[in-house]
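> Below is a structure I'd like to ask you about.
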Amino acid sequence: MFDLPSTLQPIVNECTQRAKLHLLLKRDDLIHPEISGNKWRKLKYNLEQARTEGKSRLVTFGGAFSNHITATSAAGKYLGFETVGIIRGEPHHPLNSSLQFAQDCGMQFIYLDRTHYRDKDISSISSHPLLTENECIYWLPEGGANMLAVKGCEEIVSEIDTPFDFICAACGTGTTLAGMAAALSPKQKAIGFPVLKNGEFLFDDIRRLTNADCQLMTDYHFGGYAKTTPELIQFIHTFYQEQQVLLDYVYTGKMMYGIFDLIQRGWFPEGSVIIAVHTGGVQNANVFNLKSSEL
């Protein structure tokens, strides 16, 4: 069902050759067509725990375009769990493509206004029929961010049999970076690229998940979560033309842009081996027709 371990794809262009280093892309986006990337990594042990506890309904949180919501709904469909998504904001009519996919997988929605959602205050909907049967509910945090998710993300590193110096990932909650950092040797370094503005706050969130060392590059958010610029979109187009790899503008495009910017600035020592983790999330990339014949 899952294509693991995910492959390492060399990324070679004029930039990497001039810098005399090696860049490899770990293709977690190819793990599964619907539960790909770090979403499966973070769900894996949570789903095992839900089974162990005899839970039948997964309840989780996310925005209207959340990759975590779509991945949880697909996992429920394939693995026999009922799924409920507590969605930030007002009801969407008609449903966008992400929510329509989740609904087609069997997920049911509860909408929570932004104020209560921010505080994760579900008291106003606690009487909802989907939430009253506590004995069957397994609660998943937003983005799947907990210690079981960290355990799953540690396996990204354990699958790599090529010696490397740096491993990079885009950061939303920081869970993936925390898991990878926890699995590194002392000579290796984990680098995160926060997609949120003022991403320094992730240091504290990551520290709550692991004591392992990591570094955040906070200058590549392009205005904040899901924000973009023509420069970023052009980079994503060019990368697809060169490598035939689809990036998204929310996470992986920003990470890869940041990596190449650091390479060009000489941040990585000559001869370095860099692993970049493709954490999936490319369904939104289709907005820019990156697979079109015009490329």
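Letters A, B, ... go to the chains of the structure tokens in the order shown; residues in each chain start at 1; ligands are counted from 1 in the same order.
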Quick one: everything within 10 Å of A:Lys55, counting only C-alpha atoms, minus sequence neighbours fewer than 5 positions away in the same chain. Send it as a list in words.

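Neighbouring residues, sequence-local ones excluded: Leu47, Gln49, Ala50, Phe81, Glu82, Asn134, Glu135, Cys136, Ile137, Tyr138 and Trp139 of chain A.
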
> Please write the residues from the selection above to a file, keeping N, CA and C atoms, as a CSV table (one decimal), in the first residue's frame.


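The resulting file, part-v8.csv, is reproduced below:
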chain,number,residue,atom,x,y,z
A,47,LEU,N,-2.2,6.1,14.3
A,47,LEU,CA,-3.2,5.1,13.9
A,47,LEU,C,-3.0,3.8,14.6
A,49,GLN,N,-1.8,3.5,17.6
A,49,GLN,CA,-2.3,3.8,19.0
A,49,GLN,C,-3.8,3.7,19.0
A,50,ALA,N,-4.4,4.3,18.0
A,50,ALA,CA,-5.9,4.3,18.0
A,50,ALA,C,-6.4,2.9,17.9
A,81,PHE,N,-11.3,3.7,9.6
A,81,PHE,CA,-11.7,4.6,10.7
A,81,PHE,C,-12.8,5.6,10.2
A,82,GLU,N,-13.7,5.9,11.1
A,82,GLU,CA,-14.6,7.1,10.8
A,82,GLU,C,-13.7,8.3,11.0
A,134,ASN,N,-17.5,9.6,23.5
A,134,ASN,CA,-16.1,9.8,23.8
A,134,ASN,C,-15.3,8.5,23.7
A,135,GLU,N,-16.0,7.4,24.0
A,135,GLU,CA,-15.3,6.1,24.1
A,135,GLU,C,-14.8,5.6,22.8
A,136,CYS,N,-15.3,6.2,21.7
A,136,CYS,CA,-14.8,5.7,20.3
A,136,CYS,C,-13.9,6.7,19.7
A,137,ILE,N,-13.6,7.9,20.3
A,137,ILE,CA,-12.9,9.0,19.6
A,137,ILE,C,-11.4,8.9,20.0
A,138,TYR,N,-10.6,9.0,18.9
A,138,TYR,CA,-9.2,9.2,19.1
A,138,TYR,C,-8.9,10.6,18.5
A,139,TRP,N,-8.4,11.5,19.4
A,139,TRP,CA,-8.1,12.9,19.1
A,139,TRP,C,-6.7,13.0,18.5

> Need the shell around stretch 108-121 of chain A: protein/DNA/RNA residues with any atom at most 12 Å away, counting only C-alpha atoms. Skip same-chain ones fewer than 4 positions apart. Format as a ChimeraX atom specification?

/A:57-64,69-70,72-73,76,81-92,95,99-104,125-131,141-142

> List the spatial neighbours of A:Glu155 as a tab-separated table (two decimals) with C-alpha atoms, in the first residue's frame - criterion: any atom at most 9 Å away, only C-alpha atoms, same-chain residues fewer than 5 positions off excluded.


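Done, and the output landed in result-v3.tsv:
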chain	number	residue	atom	x	y	z
A	41	ARG	CA	4.89	9.73	8.82
A	160	ILE	CA	18.71	7.00	4.42
A	179	GLY	CA	11.71	13.92	14.48
A	180	MET	CA	14.54	14.17	11.99
A	183	ALA	CA	17.55	10.76	14.78

> Quick check for you: according to DSSP on this backbone, which residues of stretch 80-190 of chain A are classed as alpha helix (DSSP H)? Reply as an mmCIF file with N, CA and C atoms, in the first residue's frame.


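Writing the result to states-v4.cif gives the following:
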data_model
loop_
_atom_site.group_PDB
_atom_site.id
_atom_site.type_symbol
_atom_site.label_atom_id
_atom_site.label_comp_id
_atom_site.auth_asym_id
_atom_site.auth_seq_id
_atom_site.Cartn_x
_atom_site.Cartn_y
_atom_site.Cartn_z
ATOM 1 N N SER A 97 -11.694 21.956 -3.327
ATOM 2 C CA SER A 97 -11.242 20.630 -3.761
ATOM 3 C C SER A 97 -10.732 19.780 -2.608
ATOM 4 N N SER A 98 -10.070 20.415 -1.616
ATOM 5 C CA SER A 98 -9.536 19.652 -0.481
ATOM 6 C C SER A 98 -10.664 19.086 0.373
ATOM 7 N N LEU A 99 -11.636 19.925 0.704
ATOM 8 C CA LEU A 99 -12.748 19.452 1.528
ATOM 9 C C LEU A 99 -13.636 18.474 0.770
ATOM 10 N N GLN A 100 -13.779 18.681 -0.538
ATOM 11 C CA GLN A 100 -14.568 17.737 -1.328
ATOM 12 C C GLN A 100 -13.911 16.363 -1.334
ATOM 13 N N PHE A 101 -12.580 16.350 -1.471
ATOM 14 C CA PHE A 101 -11.853 15.086 -1.413
ATOM 15 C C PHE A 101 -12.078 14.412 -0.068
ATOM 16 N N ALA A 102 -11.940 15.174 1.023
ATOM 17 C CA ALA A 102 -12.115 14.609 2.361
ATOM 18 C C ALA A 102 -13.524 14.065 2.543
ATOM 19 N N GLN A 103 -14.505 14.802 2.065
ATOM 20 C CA GLN A 103 -15.893 14.328 2.164
ATOM 21 C C GLN A 103 -16.092 13.057 1.355
ATOM 22 N N ASP A 104 -15.492 13.004 0.172
ATOM 23 C CA ASP A 104 -15.613 11.799 -0.663
ATOM 24 C C ASP A 104 -14.980 10.594 0.018
ATOM 25 N N ARG A 114 -13.200 31.222 14.054
ATOM 26 C CA ARG A 114 -11.755 31.382 14.179
ATOM 27 C C ARG A 114 -11.303 31.656 15.611
ATOM 28 N N THR A 115 -12.106 32.366 16.375
ATOM 29 C CA THR A 115 -11.726 32.661 17.764
ATOM 30 C C THR A 115 -11.667 31.397 18.587
ATOM 31 N N HIS A 116 -12.734 30.580 18.538
ATOM 32 C CA HIS A 116 -12.742 29.340 19.301
ATOM 33 C C HIS A 116 -11.726 28.343 18.744
ATOM 34 N N TYR A 117 -11.521 28.386 17.420
ATOM 35 C CA TYR A 117 -10.559 27.461 16.821
ATOM 36 C C TYR A 117 -9.146 27.786 17.289
ATOM 37 N N ARG A 118 -8.812 29.055 17.336
ATOM 38 C CA ARG A 118 -7.453 29.452 17.730
ATOM 39 C C ARG A 118 -7.114 28.917 19.118
ATOM 40 N N PRO A 129 -23.309 15.519 17.982
ATOM 41 C CA PRO A 129 -23.397 14.048 18.005
ATOM 42 C C PRO A 129 -22.090 13.342 17.637
ATOM 43 N N LEU A 130 -21.279 13.960 16.815
ATOM 44 C CA LEU A 130 -20.022 13.329 16.405
ATOM 45 C C LEU A 130 -18.966 13.369 17.494
ATOM 46 N N LEU A 131 -19.197 14.172 18.545
ATOM 47 C CA LEU A 131 -18.208 14.324 19.606
ATOM 48 C C LEU A 131 -18.650 13.753 20.948
ATOM 49 N N THR A 132 -19.883 13.311 21.050
ATOM 50 C CA THR A 132 -20.401 12.878 22.350
ATOM 51 C C THR A 132 -20.019 11.440 22.701
ATOM 52 N N MET A 147 4.072 13.422 20.076
ATOM 53 C CA MET A 147 5.278 12.603 20.182
ATOM 54 C C MET A 147 5.218 11.357 19.294
ATOM 55 N N LEU A 148 4.029 10.823 19.059
ATOM 56 C CA LEU A 148 3.923 9.683 18.154
ATOM 57 C C LEU A 148 4.259 10.103 16.726
ATOM 58 N N ALA A 149 3.917 11.329 16.372
ATOM 59 C CA ALA A 149 4.279 11.856 15.061
ATOM 60 C C ALA A 149 5.792 12.041 14.953
ATOM 61 N N VAL A 150 6.425 12.515 16.028
ATOM 62 C CA VAL A 150 7.884 12.650 16.049
ATOM 63 C C VAL A 150 8.533 11.294 15.796
ATOM 64 N N LYS A 151 8.014 10.266 16.437
ATOM 65 C CA LYS A 151 8.549 8.915 16.243
ATOM 66 C C LYS A 151 8.478 8.502 14.781
ATOM 67 N N GLY A 152 7.370 8.812 14.131
ATOM 68 C CA GLY A 152 7.243 8.474 12.721
ATOM 69 C C GLY A 152 8.223 9.228 11.848
ATOM 70 N N CYS A 153 8.455 10.501 12.179
ATOM 71 C CA CYS A 153 9.361 11.317 11.374
ATOM 72 C C CYS A 153 10.825 10.945 11.585
ATOM 73 N N GLU A 154 11.146 10.318 12.706
ATOM 74 C CA GLU A 154 12.512 9.820 12.895
ATOM 75 C C GLU A 154 12.875 8.801 11.811
ATOM 76 N N GLU A 155 11.886 8.098 11.292
ATOM 77 C CA GLU A 155 12.144 7.057 10.303
ATOM 78 C C GLU A 155 12.590 7.625 8.962
ATOM 79 N N ILE A 156 12.341 8.906 8.734
ATOM 80 C CA ILE A 156 12.870 9.532 7.515
ATOM 81 C C ILE A 156 14.384 9.363 7.481
ATOM 82 N N VAL A 157 15.031 9.620 8.622
ATOM 83 C CA VAL A 157 16.487 9.528 8.706
ATOM 84 C C VAL A 157 16.953 8.080 8.677
ATOM 85 N N SER A 158 16.261 7.217 9.388
ATOM 86 C CA SER A 158 16.709 5.821 9.474
ATOM 87 C C SER A 158 16.661 5.114 8.120
ATOM 88 N N THR A 175 7.070 19.550 13.686
ATOM 89 C CA THR A 175 7.114 18.153 14.118
ATOM 90 C C THR A 175 8.061 17.314 13.271
ATOM 91 N N THR A 176 7.999 17.496 11.963
ATOM 92 C CA THR A 176 8.878 16.734 11.082
ATOM 93 C C THR A 176 10.336 17.037 11.385
ATOM 94 N N LEU A 177 10.661 18.305 11.538
ATOM 95 C CA LEU A 177 12.038 18.696 11.845
ATOM 96 C C LEU A 177 12.473 18.110 13.178
ATOM 97 N N ALA A 178 11.597 18.132 14.175
ATOM 98 C CA ALA A 178 11.928 17.580 15.490
ATOM 99 C C ALA A 178 12.252 16.100 15.391
ATOM 100 N N GLY A 179 11.456 15.352 14.633
ATOM 101 C CA GLY A 179 11.714 13.924 14.482
ATOM 102 C C GLY A 179 13.026 13.643 13.782
ATOM 103 N N MET A 180 13.283 14.384 12.719
ATOM 104 C CA MET A 180 14.540 14.175 11.989
ATOM 105 C C MET A 180 15.733 14.539 12.862
ATOM 106 N N ALA A 181 15.649 15.664 13.560
ATOM 107 C CA ALA A 181 16.763 16.110 14.404
ATOM 108 C C ALA A 181 17.075 15.079 15.479
ATOM 109 N N ALA A 182 16.030 14.455 16.029
ATOM 110 C CA ALA A 182 16.217 13.477 17.101
ATOM 111 C C ALA A 182 16.956 12.230 16.626
#

> Can you pull out the residues contacting A:Lys20? Cut-off 6 Å, using only C-alpha atoms, and skip same-chain residues under 2 positions away; I want them as JSON, numbers by chain.

{"A": [17, 18, 270, 271]}

> Using C-alpha atoms, can you write the selected residues to a file as an mmCIF file, in the first residue's frame?


data_model
loop_
_atom_site.group_PDB
_atom_site.id
_atom_site.type_symbol
_atom_site.label_atom_id
_atom_site.label_comp_id
_atom_site.auth_asym_id
_atom_site.auth_seq_id
_atom_site.Cartn_x
_atom_site.Cartn_y
_atom_site.Cartn_z
ATOM 1 C CA GLN A 17 27.811 21.940 -9.728
ATOM 2 C CA ARG A 18 29.307 25.380 -9.262
ATOM 3 C CA GLU A 270 32.104 22.732 -0.401
ATOM 4 C CA GLY A 271 31.615 18.978 -0.680
#

> Leaving out A:Lys189 and any residue of its chain fewer than 5 positions from it, which residues lie within 7 Å of it when counting only C-alpha atoms, given as a PyMOL selection string?

chain A and resi 165-167+214

> Go ahead and dump the residues you just picked, C-alpha atoms, as a compact mmCIF listing (two decimals), in the first residue's frame.


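And here's result.txt as it stands now:
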# COMPACT_ATOMS: atom_id res chain seq x y z
CA ASP A 165 25.79 16.39 6.40
CA PHE A 166 22.52 18.32 6.35
CA ILE A 167 18.84 17.39 6.18
CA CYS A 214 18.33 22.12 14.80

> Per DSSP on the backbone, filter stretch 32-256 of chain A down to the residues in strand (DSSP E or B) and report them as a PyMOL selection string.

chain A and resi 57-62+82-88+108-112+137-139+166-171+189-194+215-216

> Excluding A:His32 and any residue of its chain fewer than 4 positions from it, enumerate the residues within 9 Å of it, using only C-alpha atoms, and give them as a list of chain:residue names.

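Neighbouring residues, sequence-local ones excluded: A:Met1, A:Phe2, A:Asp3, A:Asp28, A:Ser36, A:Gly37, A:Trp40.
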
> Between atom CA of A:Gly224 and atom CA of A:Asn67, what is the distance in Å, rounded to a tenth?

16.9 Å

> To one decimal in Å, tell me the separation between atom CA of A:Gly280 and atom CA of A:Glu231.

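Separation of atom CA of A:Gly280 and atom CA of A:Glu231: 21.1 Å.
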
> Could you jot down the atom CA of A:Thr229 to atom CA of A:Pro94 separation for me, Å, one decimal place?

27.4 Å

> Taking only residues of stretch 153-220 of chain A that have an atom at most 12 Å from an atom of stretch 238-249 of chain A, what is each one's shortest atom pair and its distance in Å to one decimal, using only C-alpha atoms, in chain and number order, as a tab-separated table?


residue	atom	partner	partner_atom	distance
A:Ala170	CA	A:Asp248	CA	10.9
A:Val195	CA	A:Tyr249	CA	9.6
A:Tyr220	CA	A:Tyr249	CA	11.3

> Can you write just those residues out, N, CA and C atoms, as a compact mmCIF listing (two decimals), in the first residue's frame?


# COMPACT_ATOMS: atom_id res chain seq x y z
N ALA A 170 10.62 21.76 5.13
CA ALA A 170 9.74 22.89 5.40
C ALA A 170 9.04 22.66 6.74
N VAL A 195 7.27 28.17 7.18
CA VAL A 195 6.42 28.78 6.15
C VAL A 195 5.52 29.86 6.74
N TYR A 220 12.38 32.78 4.49
CA TYR A 220 11.85 32.24 3.24
C TYR A 220 10.36 31.93 3.32

> Can you tell me which residues surround A:Leu25 at a distance of at most 10 Å, considering only C-alpha atoms, apart from same-chain residues fewer than 6 positions away, and format the answer as a list in words?

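The contact residues come out as Ser6, Thr7, Leu8, Gln9, Pro10, Ile11, Ile167, Cys168, Val245, Met256, Ile274, Ile275, Ala276, Val277 and His278 of chain A.
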
> For A:Thr252, which residue among A:Phe201, A:Tyr225, A:Phe268, A:Phe193 is the nearest when counting only C-alpha atoms?

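Closest to A:Thr252 of all the choices is A:Phe193.
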
> A:Gly144, A:Pro230, A:Gly192, A:Gly80: which is nearest A:Gly258, counting only C-alpha atoms?

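Closest to A:Gly258, using only C-alpha atoms: A:Gly192.
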